[in-house]
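Peer 1: What follows is the file model.cif, containing mmCIF, C-alpha atoms:
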data_input
#
loop_
_atom_site.label_atom_id
_atom_site.label_comp_id
_atom_site.auth_asym_id
_atom_site.auth_seq_id
_atom_site.Cartn_x
_atom_site.Cartn_y
_atom_site.Cartn_z
CA MET A 1 169.99 130.03 68.51
CA THR A 2 171.19 132.90 70.60
CA ALA A 3 174.78 133.50 71.69
CA LEU A 4 173.58 132.61 75.18
CA ALA A 5 173.00 128.99 74.19
CA ALA A 6 176.67 127.96 74.44
CA PRO A 7 177.38 129.29 77.97
CA LEU A 8 173.96 128.06 79.12
CA THR A 9 174.66 124.58 77.76
CA ARG A 10 178.08 124.53 79.50
CA LEU A 11 176.41 125.52 82.77
CA MET A 12 173.67 122.87 82.43
CA GLN A 13 176.32 120.20 81.67
CA THR A 14 178.28 121.20 84.78
CA ARG A 15 175.11 120.92 86.84
CA PHE A 16 173.28 117.99 85.24
CA GLY A 17 175.97 115.92 83.52
CA PRO A 18 177.93 116.03 80.24
CA ASN A 19 174.98 114.82 78.14
CA ALA A 20 172.60 117.61 79.22
CA GLU A 21 171.19 119.60 76.31
CA VAL A 22 169.45 122.96 76.07
CA ARG A 23 166.57 123.01 73.57
CA GLU A 24 163.73 125.30 72.50
CA MET A 25 165.33 128.43 73.88
CA THR A 26 162.74 131.21 73.52
CA ARG A 27 162.75 134.80 74.64
CA LEU A 28 159.63 135.32 76.75
CA SER A 29 160.00 138.99 77.60
CA GLY A 30 162.65 141.60 77.64
CA GLY A 31 163.50 145.21 78.01
CA ALA A 32 166.56 147.37 78.35
CA SER A 33 167.35 146.21 81.88
CA GLN A 34 166.11 142.65 82.14
CA GLU A 35 165.17 139.71 79.91
CA THR A 36 163.51 136.35 80.47
CA TRP A 37 164.17 133.20 78.43
CA GLY A 38 162.40 129.86 78.56
CA PHE A 39 164.17 126.63 77.60
CA SER A 40 163.88 122.88 77.85
CA LEU A 41 166.61 120.94 79.67
CA GLN A 42 167.05 117.43 78.24
CA VAL A 43 169.00 114.86 80.16
CA PRO A 44 169.14 111.28 78.75
CA ASN A 45 166.53 108.94 80.30
CA GLU A 46 164.82 111.81 82.15
CA THR A 47 161.65 113.77 81.40
CA PRO A 48 162.55 117.17 79.90
CA ARG A 49 162.35 120.02 82.41
CA HIS A 50 161.14 123.52 81.58
CA LEU A 51 163.44 126.15 83.04
CA ILE A 52 163.65 129.95 82.98
CA LEU A 53 166.75 132.11 82.60
CA ARG A 54 166.38 135.62 83.98
CA ARG A 55 169.26 137.93 83.20
CA ALA A 56 170.37 141.51 82.67
CA PRO A 57 171.74 142.18 79.17
CA PHE A 58 175.53 142.62 79.14
CA GLN A 59 176.62 146.19 79.86
CA SER A 60 173.14 147.26 80.97
CA ALA A 61 172.84 149.54 83.96
CA ALA A 62 170.40 148.57 86.71
CA LYS A 63 167.16 150.47 86.08
CA GLY A 64 165.58 152.79 88.65
CA GLU A 65 164.71 150.91 91.80
CA ALA A 66 165.44 147.43 90.44
CA ILE A 67 167.66 145.48 92.84
CA GLY A 68 169.56 143.26 90.40
CA LEU A 69 169.16 139.60 89.56
CA VAL A 70 171.43 138.05 92.20
CA LYS A 71 169.57 139.78 95.03
CA GLU A 72 166.27 138.92 93.39
CA ALA A 73 167.21 135.22 93.46
CA GLN A 74 168.31 135.47 97.08
CA ILE A 75 164.96 137.02 98.07
CA ILE A 76 162.93 134.42 96.14
CA ALA A 77 164.84 131.67 97.98
CA ALA A 78 164.19 133.40 101.32
CA ALA A 79 160.48 133.75 100.52
CA ALA A 80 160.30 130.04 99.65
CA GLN A 81 161.46 129.25 103.19
CA THR A 82 158.35 130.88 104.71
CA GLY A 83 156.08 128.96 102.32
CA THR A 84 155.49 131.68 99.73
CA PRO A 85 154.56 130.13 96.36
CA VAL A 86 157.59 130.97 94.21
CA PRO A 87 159.52 129.21 91.43
CA ASP A 88 162.41 127.00 92.65
CA ILE A 89 165.74 128.72 92.18
CA ILE A 90 167.99 126.26 90.32
CA HIS A 91 171.19 128.30 90.03
CA VAL A 92 172.48 131.81 90.70
CA CYS A 93 175.07 132.67 88.06
CA GLY A 94 178.59 133.76 88.87
CA PRO A 95 181.20 135.35 86.57
CA GLU A 96 182.46 131.89 85.53
CA ASP A 97 179.06 131.14 83.96
CA ASP A 98 179.48 133.88 81.35
CA LEU A 99 175.78 134.75 81.40
CA GLY A 100 176.06 138.10 83.18
CA ASP A 101 173.88 139.08 86.14
CA ALA A 102 171.50 136.12 85.95
CA PHE A 103 169.76 133.20 87.61
CA ILE A 104 167.93 130.06 86.55
CA MET A 105 164.62 128.97 88.01
CA ALA A 106 161.95 126.37 87.40
CA HIS A 107 159.16 127.22 84.98
CA VAL A 108 155.78 127.41 86.71
CA ALA A 109 152.84 126.65 84.39
CA GLY A 110 149.89 129.01 84.37
CA GLN A 111 148.58 132.34 83.19
CA THR A 112 149.59 135.92 84.08
CA ILE A 113 147.34 137.87 81.68
CA ALA A 114 144.70 139.58 83.83
CA ARG A 115 141.96 139.72 81.20
CA LYS A 116 142.09 135.93 80.83
CA ILE A 117 142.27 135.26 84.57
CA LEU A 118 139.34 137.61 85.22
CA ARG A 119 137.09 136.41 82.38
CA ASP A 120 137.88 132.90 81.14
CA GLU A 121 135.76 129.99 82.39
CA GLU A 122 138.96 128.02 83.03
CA TYR A 123 139.75 130.29 85.98
CA SER A 124 136.30 130.47 87.60
CA LEU A 125 137.40 128.44 90.64
CA ALA A 126 140.70 130.37 90.81
CA ARG A 127 138.80 133.67 90.95
CA GLN A 128 136.92 132.49 94.04
CA LEU A 129 140.15 131.57 95.82
CA LEU A 130 142.63 134.21 94.69
CA ALA A 131 141.95 137.07 97.10
CA PHE A 132 142.36 134.82 100.14
CA GLN A 133 145.43 133.14 98.61
CA CYS A 134 147.01 136.53 97.87
CA GLY A 135 146.50 137.44 101.53
CA GLU A 136 148.19 134.20 102.59
CA ALA A 137 151.11 134.76 100.21
CA LEU A 138 151.62 138.34 101.38
CA ALA A 139 151.63 137.26 105.03
CA LYS A 140 154.37 134.76 104.17
CA ILE A 141 156.38 137.35 102.24
CA HIS A 142 156.10 139.78 105.14
CA ALA A 143 157.26 137.04 107.54
CA VAL A 144 160.66 136.57 105.85
CA ALA A 145 163.39 136.97 108.46
CA PRO A 146 165.55 140.07 107.87
CA ASP A 147 168.68 137.89 108.34
CA ASN A 148 167.77 135.99 105.16
CA LEU A 149 167.64 139.14 103.03
CA PRO A 150 170.53 140.86 101.23
CA SER A 151 172.06 143.17 103.83
CA ASP A 152 171.93 146.16 101.46
CA LEU A 153 168.31 145.72 100.39
CA PRO A 154 166.88 149.26 100.14
CA ILE A 155 164.56 150.54 102.88
CA SER A 156 161.66 152.56 101.54
CA HIS A 157 158.52 153.60 103.41
CA GLY A 158 155.43 155.25 101.98
CA LEU A 159 156.49 158.86 102.52
CA ASP A 160 159.97 158.25 101.04
CA GLN A 161 158.25 156.98 97.92
CA LEU A 162 155.93 159.99 97.83
CA ASP A 163 158.99 162.27 97.95
CA ARG A 164 160.71 160.33 95.20
CA TYR A 165 157.70 160.33 92.87
CA GLU A 166 156.98 163.98 93.60
CA ALA A 167 160.55 164.87 92.54
CA ILE A 168 160.04 162.97 89.27
CA TYR A 169 156.71 164.74 88.68
CA ARG A 170 158.25 168.17 89.38
CA GLY A 171 161.03 167.35 86.93
CA PHE A 172 158.45 166.95 84.14
CA ASP A 173 157.22 170.52 84.68
CA MET A 174 153.59 169.55 84.03
CA ASP A 175 150.78 171.25 85.94
CA ARG A 176 148.32 168.53 86.91
CA PRO A 177 145.94 169.73 89.65
CA VAL A 178 144.79 166.23 90.66
CA PHE A 179 148.38 165.15 91.30
CA GLU A 180 148.90 168.31 93.39
CA LEU A 181 145.74 167.46 95.31
CA ALA A 182 146.94 163.88 95.84
CA LEU A 183 150.33 165.09 97.10
CA SER A 184 148.71 167.43 99.64
CA TRP A 185 146.15 164.85 100.73
CA LEU A 186 148.73 162.07 101.09
CA ARG A 187 151.02 164.29 103.19
CA GLN A 188 148.16 165.35 105.44
CA HIS A 189 146.87 161.82 105.98
CA ALA A 190 150.09 159.79 106.19
CA PRO A 191 149.78 156.97 108.77
CA ALA A 192 152.59 156.24 111.24
CA PRO A 193 154.90 153.67 109.63
CA LEU A 194 154.72 150.08 110.84
CA PRO A 195 157.82 148.01 111.68
CA THR A 196 159.71 147.20 108.52
CA THR A 197 159.16 143.89 106.68
CA LEU A 198 160.15 142.51 103.29
CA VAL A 199 157.86 144.13 100.71
CA HIS A 200 157.44 142.54 97.25
CA GLY A 201 156.93 145.97 95.73
CA ASP A 202 154.92 144.97 92.62
CA PHE A 203 152.36 142.42 93.82
CA ARG A 204 149.58 142.69 91.22
CA ASN A 205 147.96 141.06 88.19
CA GLY A 206 150.68 140.42 85.62
CA ASN A 207 153.19 139.32 88.25
CA LEU A 208 151.01 136.53 89.68
CA MET A 209 151.15 133.12 87.96
CA VAL A 210 147.65 131.65 88.21
CA ASN A 211 146.33 128.17 87.32
CA GLU A 212 142.88 126.57 87.68
CA GLY A 213 143.43 126.23 91.42
CA GLY A 214 144.45 129.84 91.95
CA LEU A 215 147.81 131.35 92.85
CA ALA A 216 150.69 129.18 91.60
CA ALA A 217 153.65 131.53 92.03
CA VAL A 218 154.58 135.11 92.86
CA LEU A 219 156.94 136.47 90.15
CA ASP A 220 158.98 139.57 89.32
CA TRP A 221 160.70 140.49 92.55
CA GLU A 222 162.89 143.20 91.08
CA LEU A 223 161.23 145.99 93.10
CA ALA A 224 161.51 144.14 96.44
CA HIS A 225 162.61 146.30 99.37
CA GLN A 226 162.17 146.67 103.11
CA GLY A 227 159.19 148.79 104.05
CA ASP A 228 155.62 148.98 105.30
CA PRO A 229 153.64 145.75 104.78
CA ARG A 230 150.52 147.76 103.92
CA GLU A 231 152.24 148.90 100.71
CA ASP A 232 151.77 145.45 99.09
CA LEU A 233 148.20 145.07 100.39
CA GLY A 234 147.24 148.51 99.04
CA TRP A 235 148.96 148.06 95.65
CA ILE A 236 146.94 144.97 94.67
CA CYS A 237 143.77 147.04 95.35
CA VAL A 238 144.67 149.87 92.92
CA ASN A 239 141.81 150.13 90.42
CA SER A 240 144.14 149.93 87.41
CA TRP A 241 144.91 146.29 88.36
CA ARG A 242 141.19 145.36 88.43
CA PHE A 243 140.98 145.56 84.62
CA GLY A 244 137.41 146.80 84.60
CA VAL A 245 136.01 144.54 87.34
CA ARG A 246 135.66 147.44 89.67
CA ASP A 247 133.50 145.97 92.44
CA LYS A 248 136.11 143.27 93.20
CA LYS A 249 138.65 145.41 94.92
CA VAL A 250 141.48 142.87 95.02
CA GLY A 251 142.85 142.60 91.48
CA GLY A 252 139.33 142.41 90.00
CA PHE A 253 138.97 138.87 91.36
CA GLY A 254 137.87 139.17 94.98
CA PRO A 255 136.79 141.27 97.96
CA LEU A 256 139.19 143.05 100.27
CA GLU A 257 137.79 141.21 103.30
CA GLU A 258 139.08 137.93 101.85
CA LEU A 259 142.54 139.35 101.23
CA LEU A 260 142.69 140.51 104.86
CA ALA A 261 141.27 137.21 106.17
CA GLY A 262 143.89 135.21 104.23
CA TYR A 263 146.58 137.55 105.51
CA GLN A 264 145.55 137.04 109.12
CA ALA A 265 145.03 133.27 108.69
CA SER A 266 148.68 132.94 107.61
CA GLY A 267 150.04 134.85 110.56
CA GLY A 268 149.83 138.41 109.24
CA GLN A 269 148.58 141.17 111.49
CA SER A 270 144.93 142.16 111.60
CA PHE A 271 144.09 145.12 109.34
CA GLU A 272 140.81 146.93 108.67
CA PRO A 273 139.95 147.88 105.08
CA LYS A 274 140.45 151.58 105.94
CA ASP A 275 144.07 150.85 106.98
CA LEU A 276 144.91 150.33 103.31
CA ASP A 277 143.23 153.44 101.85
CA TRP A 278 146.34 155.61 102.14
CA PHE A 279 148.57 153.01 100.51
CA GLN A 280 146.07 152.46 97.73
CA ALA A 281 146.03 156.21 97.05
CA LEU A 282 149.84 156.24 97.13
CA GLY A 283 149.73 153.37 94.63
CA SER A 284 147.40 155.25 92.27
CA PHE A 285 149.64 158.32 92.50
CA LYS A 286 152.73 156.23 91.73
CA TRP A 287 150.96 154.58 88.77
CA GLY A 288 149.97 158.00 87.42
CA ILE A 289 153.59 159.18 87.59
CA MET A 290 154.80 155.87 86.06
CA CYS A 291 152.50 156.57 83.08
CA LEU A 292 154.21 159.94 82.65
CA ILE A 293 157.66 158.33 83.03
CA MET A 294 156.80 155.90 80.22
CA TYR A 295 155.55 158.80 78.09
CA GLN A 296 158.86 160.60 78.74
CA ALA A 297 160.71 157.62 77.29
CA PHE A 298 158.76 158.32 74.09
CA ALA A 299 159.08 162.11 74.26
CA THR A 300 162.87 161.89 74.63
CA LYS A 301 163.01 159.30 71.80
CA ALA A 302 164.53 156.68 74.13
CA ASP A 303 161.64 154.40 73.09
CA PRO A 304 159.75 155.64 70.02
CA SER A 305 156.89 153.08 70.15
CA ILE A 306 153.26 154.23 69.94
CA GLU A 307 152.57 152.08 72.98
CA ARG A 308 154.91 154.18 75.15
CA ALA A 309 153.25 157.35 73.91
CA MET A 310 149.74 156.04 74.58
CA ILE A 311 150.56 155.05 78.16
CA GLY A 312 150.97 158.77 78.88
CA ARG A 313 147.24 159.12 78.26
CA ARG A 314 146.60 156.63 81.08
CA ALA A 315 147.71 159.17 83.70
CA SER A 316 144.10 160.41 83.74
CA GLU A 317 142.88 156.99 84.93
CA ALA A 318 145.05 157.41 88.03
CA GLU A 319 143.60 160.91 88.44
CA ILE A 320 139.96 159.75 88.52
CA ASP A 321 140.92 156.91 90.90
CA LEU A 322 142.64 159.43 93.21
CA LEU A 323 139.55 161.65 93.21
CA ASN A 324 137.34 158.64 93.99
CA LEU A 325 139.64 157.69 96.90
CA ILE A 326 140.00 161.22 98.29
CA GLU A 327 136.23 161.70 98.17
CA GLY A 328 135.62 158.26 99.69
CA ARG A 329 133.37 157.05 96.86
CA PRO A 330 132.08 153.47 96.84
CA HIS A 331 134.25 150.97 94.93
CA ALA A 332 137.11 153.50 94.97
CA MET B 1 137.99 175.49 52.85
CA HIS B 2 137.63 172.21 51.05
CA LYS B 3 136.87 169.18 53.16
CA ALA B 4 136.27 166.34 50.79
CA PRO B 5 137.28 164.14 52.51
CA SER B 6 137.25 165.75 55.96
CA SER B 7 139.94 165.09 58.59
CA GLU B 8 137.41 162.97 60.44
CA GLU B 9 136.71 160.87 57.35
CA LEU B 10 140.43 160.37 56.73
CA LEU B 11 141.07 159.35 60.32
CA GLY B 12 138.15 156.93 60.30
CA SER B 13 139.43 155.40 57.09
CA VAL B 14 142.98 154.89 58.47
CA ILE B 15 141.58 153.38 61.69
CA GLY B 16 139.52 150.97 59.61
CA PHE B 17 142.55 150.04 57.51
CA LEU B 18 144.73 149.40 60.58
CA ASN B 19 142.13 147.28 62.38
CA GLN B 20 140.58 145.41 59.47
CA VAL B 21 143.38 145.08 56.92
CA ALA B 22 146.81 145.65 58.46
CA ALA B 23 146.51 144.05 61.91
CA PRO B 24 145.04 140.71 60.69
CA GLN B 25 147.95 140.33 58.23
CA LEU B 26 150.61 141.08 60.81
CA SER B 27 151.72 138.88 63.69
CA GLY B 28 153.24 139.23 67.15
CA GLN B 29 154.47 142.66 68.19
CA ALA B 30 153.70 144.26 64.82
CA ALA B 31 150.02 143.22 65.02
CA PHE B 32 149.87 144.52 68.59
CA HIS B 33 151.36 147.86 67.58
CA ALA B 34 148.94 148.17 64.65
CA ARG B 35 146.05 147.88 67.12
CA VAL B 36 147.69 150.42 69.43
CA ALA B 37 148.12 152.73 66.43
CA ALA B 38 144.40 152.41 65.64
CA ASN B 39 143.59 153.19 69.27
CA ALA B 40 145.84 156.25 69.15
CA LEU B 41 144.01 157.59 66.09
CA ALA B 42 140.63 156.92 67.72
CA LEU B 43 141.86 159.04 70.65
CA VAL B 44 142.81 161.83 68.24
CA GLU B 45 139.33 161.57 66.70
CA ARG B 46 137.72 162.00 70.14
CA GLU B 47 140.06 164.82 71.02
CA MET B 48 139.17 166.75 67.85
CA ALA B 49 135.48 166.40 68.65
CA GLN B 50 135.58 167.04 72.40
CA ARG B 51 138.62 169.17 73.29
CA PRO B 52 137.24 172.64 72.42
CA ILE B 53 134.10 172.11 74.53
CA ALA B 54 136.08 170.50 77.37
CA ASP B 55 138.58 173.37 77.48
CA THR B 56 135.86 176.03 77.45
CA ARG B 57 134.16 174.28 80.36
CA ALA B 58 137.46 173.80 82.27
CA ARG B 59 138.25 177.50 81.88
CA ALA B 60 134.80 178.47 83.20
CA LEU B 61 135.14 176.12 86.20
CA PHE B 62 138.62 177.38 87.15
CA ALA B 63 137.63 181.02 86.53
CA ALA B 64 134.76 180.65 88.99
CA LEU B 65 136.95 178.82 91.51
CA LEU B 66 139.66 181.52 91.43
CA ASN B 67 137.32 184.45 90.73
CA ASP B 68 139.44 185.32 87.67
CA GLU B 69 137.59 185.76 84.38
CA ALA B 70 140.56 187.22 82.49
CA SER B 71 143.28 184.53 82.46
CA THR B 72 143.82 181.75 79.94
CA LEU B 73 143.06 178.13 80.82
CA GLU B 74 146.78 177.37 81.01
CA ALA B 75 147.39 180.22 83.46
CA LEU B 76 144.34 179.25 85.56
CA ASN B 77 145.47 175.61 85.64
CA GLY B 78 148.91 176.70 86.91
CA GLN B 79 147.24 178.91 89.55
CA VAL B 80 145.04 176.04 90.77
CA CYS B 81 148.16 173.86 91.14
CA ALA B 82 150.01 176.60 93.04
CA GLN B 83 147.07 177.20 95.38
CA ILE B 84 146.62 173.50 96.16
CA ARG B 85 150.32 173.28 96.88
CA SER B 86 150.31 176.34 99.16
CA GLY B 87 147.17 175.19 100.97
CA ALA B 88 145.12 178.20 99.80
CA LEU B 89 142.82 175.64 98.17
CA ALA B 90 142.16 172.91 100.76
CA CYS B 91 141.99 169.25 99.79
CA ASP B 92 138.35 169.04 100.93
CA ASN B 93 137.18 172.22 99.15
CA PRO B 94 133.89 171.04 97.55
CA ALA B 95 134.06 173.44 94.59
CA LEU B 96 137.64 172.33 93.85
CA LEU B 97 136.73 168.65 94.04
CA ALA B 98 133.66 169.14 91.83
CA ALA B 99 135.68 171.08 89.24
CA LEU B 100 138.51 168.52 89.17
CA ARG B 101 136.04 165.65 88.84
CA GLU B 102 134.28 167.25 85.89
CA ILE B 103 137.55 168.20 84.15
CA THR B 104 139.15 164.78 84.76
CA SER B 105 136.01 162.99 83.55
CA ALA B 106 136.10 165.03 80.33
CA GLN B 107 139.81 164.19 79.89
CA LEU B 108 139.08 160.48 80.40
CA ALA B 109 136.22 160.63 77.91
CA ILE B 110 138.96 161.48 75.38
CA ASP B 111 141.79 159.30 76.77
CA GLN B 112 139.96 156.13 77.80
CA PRO B 113 136.16 156.40 77.59
CA SER B 114 135.60 152.85 78.84
CA TYR B 115 137.72 153.19 82.00
CA SER B 116 135.87 151.76 85.00
CA GLY B 117 136.79 154.63 87.32
CA LEU B 118 134.51 156.96 85.34
CA ASN B 119 131.30 155.22 86.36
CA GLN B 120 130.49 156.62 89.77
#
The structure in this file should be written as structure tokens.

Peer 2:
Amino acid sequence: MTALAAPLTRLMQTRFGPNAEVREMTRLSGGASQETWGFSLQVPNETPRHLILRRAPFQSAAKGEAIGLVKEAQIIAAAAQTGTPVPDIIHVCGPEDDLGDAFIMAHVAGQTIARKILRDEEYSLARQLLAFQCGEALAKIHAVAPDNLPSDLPISHGLDQLDRYEAIYRGFDMDRPVFELALSWLRQHAPAPLPTTLVHGDFRNGNLMVNEGGLAAVLDWELAHQGDPREDLGWICVNSWRFGVRDKKVGGFGPLEELLAGYQASGGQSFEPKDLDWFQALGSFKWGIMCLIMYQAFATKADPSIERAMIGRRASEAEIDLLNLIEGRPHA
Amino acid sequence: MHKAPSSEELLGSVIGFLNQVAAPQLSGQAAFHARVAANALALVEREMAQRPIADTRARALFAALLNDEASTLEALNGQVCAQIRSGALACDNPALLAALREITSAQLAIDQPSYSGLNQ
């Protein structure tokens, strides 16, 4: 059992009575800045409940654009109020809980691995529904009232992000003509920003919990910010998130028209497919630079794994996607 | 001089060991990393076979684009970047787009030959 078990048990006993027990504590994922644990909460005469602890390791610095766990919990709770499918927030930890920057939420059953969702028979109905459901969920996320958000939630529009990722790319001192082309093209074609909404910031396969009936919960809100709603709609269309199912533009599971129809049906504004092209290209550019960032973690020996190194060789997938978008090729 | 076994044979043999012997006996993260290691060596195998031809072709494409037959590929690549950035090479320049597509496709054939974006 981990050293977290004792403070977690104390917290559960405060919340659910002195006989509450924490069992089957398992680390589900984790990195330098954030870790996720699953556990079973047992209270006498009640059915065990599956809960999730999300926390930052002690003494870790917030990474990059991540907003921190307390704000993340506040945003998830705000998104629940507009009907977004999200896990129930059970508890936001304070200093007295001795768990660090952390919160506890309900476990939502389902699958996040794209290759299974896109190929397994079990998800055949889900695949038919997902694009529309993603549109509905995004409309609900974008409808969250600003008053319900942390007052210091970062504001970041498309061009700010282009500047930020360009600065990172320049810092690597690598000459990559397709990224230069993308930078010029994106600057020349930037659309006027729309009024700011809550933006999830990483709405894609891997962060969507899916069951047989489709979208069960939207996860991983650590990149949430205020910005242009088209950012989320474009990001889920980036070819890297289609996992080989190229003709289904939305996450490899459905057509863009269904995403936009679901968005409008749930109160979102009416967009044409071409309205998202710029944000999709921005997304491919960002993904290409993220691949190089992950390679840098290897090159600087911060993370010596072969996996980190190999992700650097995925920058070229973003390059071909950018060329396909800039040239307006079908299925780009 | 002596190539018995050749680099290619040695690489192929290590890839086979990682995929068929090591990975099945490992579990969790270690098994995953063994597969990634095999993929990395397969990439090296492709790079050894394809890189010289790809670089020769890239140099010819950039030399024609910049009308510069003398410079190295690295220098030409830097020049193409500078000219895109300055606007001397426009984003819709057909020769630029054709050259970048061919060079990027050759890079992907090494990096990730099954990537869906390649099939236009």

Peer 1: Assuming the chain letters and numbering stay as they are in my file, what does the PyMOL selection byres ((chain A) within 8 of (chain B)) actually select? List them as a list in words.

Peer 2: Asp175, Arg176, Pro177, Val178, Glu180, Leu181, Ser184, Trp185, Asn239, Gly244, Val245, Arg246, Ile306, Glu307, Met310, Arg313, Arg314, Ser316, Glu317, Glu319, Ile320, Asp321, Leu323, Asn324, Arg329, Pro330 and Ala332 of chain A

Peer 1: So which residues get picked by the PyMOL selection byres ((chain B and resi 62) around 9) here, written as an NGL selection string?

Peer 2: :B and (57-61 or 63-69 or 73 or 76-77 or 80 or 96 or 99)

Peer 1: Applying 10 Å and all atoms listed in the file, which residues near A:Leu260 remain after dropping the ones on its own chain fewer than 5 positions away? List them as an mmCIF file with C-alpha atoms, keeping the file's coordinate frame.

Peer 2:
data_model
loop_
_atom_site.group_PDB
_atom_site.id
_atom_site.type_symbol
_atom_site.label_atom_id
_atom_site.label_comp_id
_atom_site.auth_asym_id
_atom_site.auth_seq_id
_atom_site.Cartn_x
_atom_site.Cartn_y
_atom_site.Cartn_z
ATOM 1 C CA ALA A 131 141.950 137.070 97.100
ATOM 2 C CA PHE A 132 142.360 134.820 100.140
ATOM 3 C CA CYS A 134 147.010 136.530 97.870
ATOM 4 C CA GLY A 135 146.500 137.440 101.530
ATOM 5 C CA GLU A 136 148.190 134.200 102.590
ATOM 6 C CA LEU A 138 151.620 138.340 101.380
ATOM 7 C CA ALA A 139 151.630 137.260 105.030
ATOM 8 C CA LEU A 233 148.200 145.070 100.390
ATOM 9 C CA PRO A 255 136.790 141.270 97.960
ATOM 10 C CA ALA A 265 145.030 133.270 108.690
ATOM 11 C CA GLY A 268 149.830 138.410 109.240
ATOM 12 C CA GLN A 269 148.580 141.170 111.490
ATOM 13 C CA SER A 270 144.930 142.160 111.600
ATOM 14 C CA PHE A 271 144.090 145.120 109.340
ATOM 15 C CA GLU A 272 140.810 146.930 108.670
ATOM 16 C CA PRO A 273 139.950 147.880 105.080
#

Peer 1: Determine the residue membership of the PyMOL selection byres ((chain A and resi 133) around 12) for the file above and supply it as a PyMOL selection string.

Peer 2: chain A and resi 84-85+126-132+134-140+208+210+213-218+250+253-256+258-266

Peer 1: One decimal, in Å: what's the spacing between atom CA of A:Glu212 and atom CA of A:Asp247?

Peer 2: 22.1 Å

Peer 1: Would you work out the distance separating atom CA of A:Ile89 from atom CA of A:Ile104, expressed in Å to one decimal?

Peer 2: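 For atom CA of A:Ile89 relative to atom CA of A:Ile104, the distance reads 6.2 Å.
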
Peer 1: Figure out the distance between atom CA of A:Gly283 and atom CA of A:Arg55, please, to one decimal in Å.

Peer 2: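 Distance reported for this atom pair: 27.4 Å.
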
Peer 1: Nearest residue to A:Leu186 out of A:Arg54, A:Arg308, A:Lys286, A:Arg49, using only C-alpha atoms?

Peer 2: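 Comparing A:Arg54, A:Arg308, A:Lys286, A:Arg49 against A:Leu186, the winner is A:Lys286.
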
Peer 1: Leaving out B:Glu45 and any residue of its chain fewer than 2 positions from it, which residues lie within 9 Å of it when counting all atoms listed in the file, given as a PDB file with C-alpha atoms, keeping the file's coordinate frame?

Peer 2:
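And here's out_32.pdb as it stands now:
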ATOM      1  CA  SER B   7     139.940 165.090  58.590  1.00  0.00           C
ATOM      2  CA  GLU B   8     137.410 162.970  60.440  1.00  0.00           C
ATOM      3  CA  LEU B  11     141.070 159.350  60.320  1.00  0.00           C
ATOM      4  CA  GLY B  12     138.150 156.930  60.300  1.00  0.00           C
ATOM      5  CA  ALA B  40     145.840 156.250  69.150  1.00  0.00           C
ATOM      6  CA  LEU B  41     144.010 157.590  66.090  1.00  0.00           C
ATOM      7  CA  ALA B  42     140.630 156.920  67.720  1.00  0.00           C
ATOM      8  CA  LEU B  43     141.860 159.040  70.650  1.00  0.00           C
ATOM      9  CA  GLU B  47     140.060 164.820  71.020  1.00  0.00           C
ATOM     10  CA  MET B  48     139.170 166.750  67.850  1.00  0.00           C
ATOM     11  CA  ALA B  49     135.480 166.400  68.650  1.00  0.00           C
ATOM     12  CA  GLN B  50     135.580 167.040  72.400  1.00  0.00           C
ATOM     13  CA  ILE B 110     138.960 161.480  75.380  1.00  0.00           C
TER      14      ILE B 110
END

Peer 1: May I have the residues within 10 Å of A:Met290 as a list in words, using only C-alpha atoms and disregarding those fewer than 3 positions away in the same chain?

Peer 2: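 The residues satisfying every condition are Tyr165, Ile168, Tyr169, Ser284, Phe285, Lys286, Trp287, Ile293, Met294, Tyr295, Gln296, Ile311, Gly312, Arg314 and Ala315 of chain A.
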
Peer 1: For A:Ile117, which residue out of A:Thr300, A:Arg10, A:Gly206, A:Glu65 is the nearest one, using only C-alpha atoms?

Peer 2: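 For A:Ile117, the nearest of the candidates is A:Gly206.
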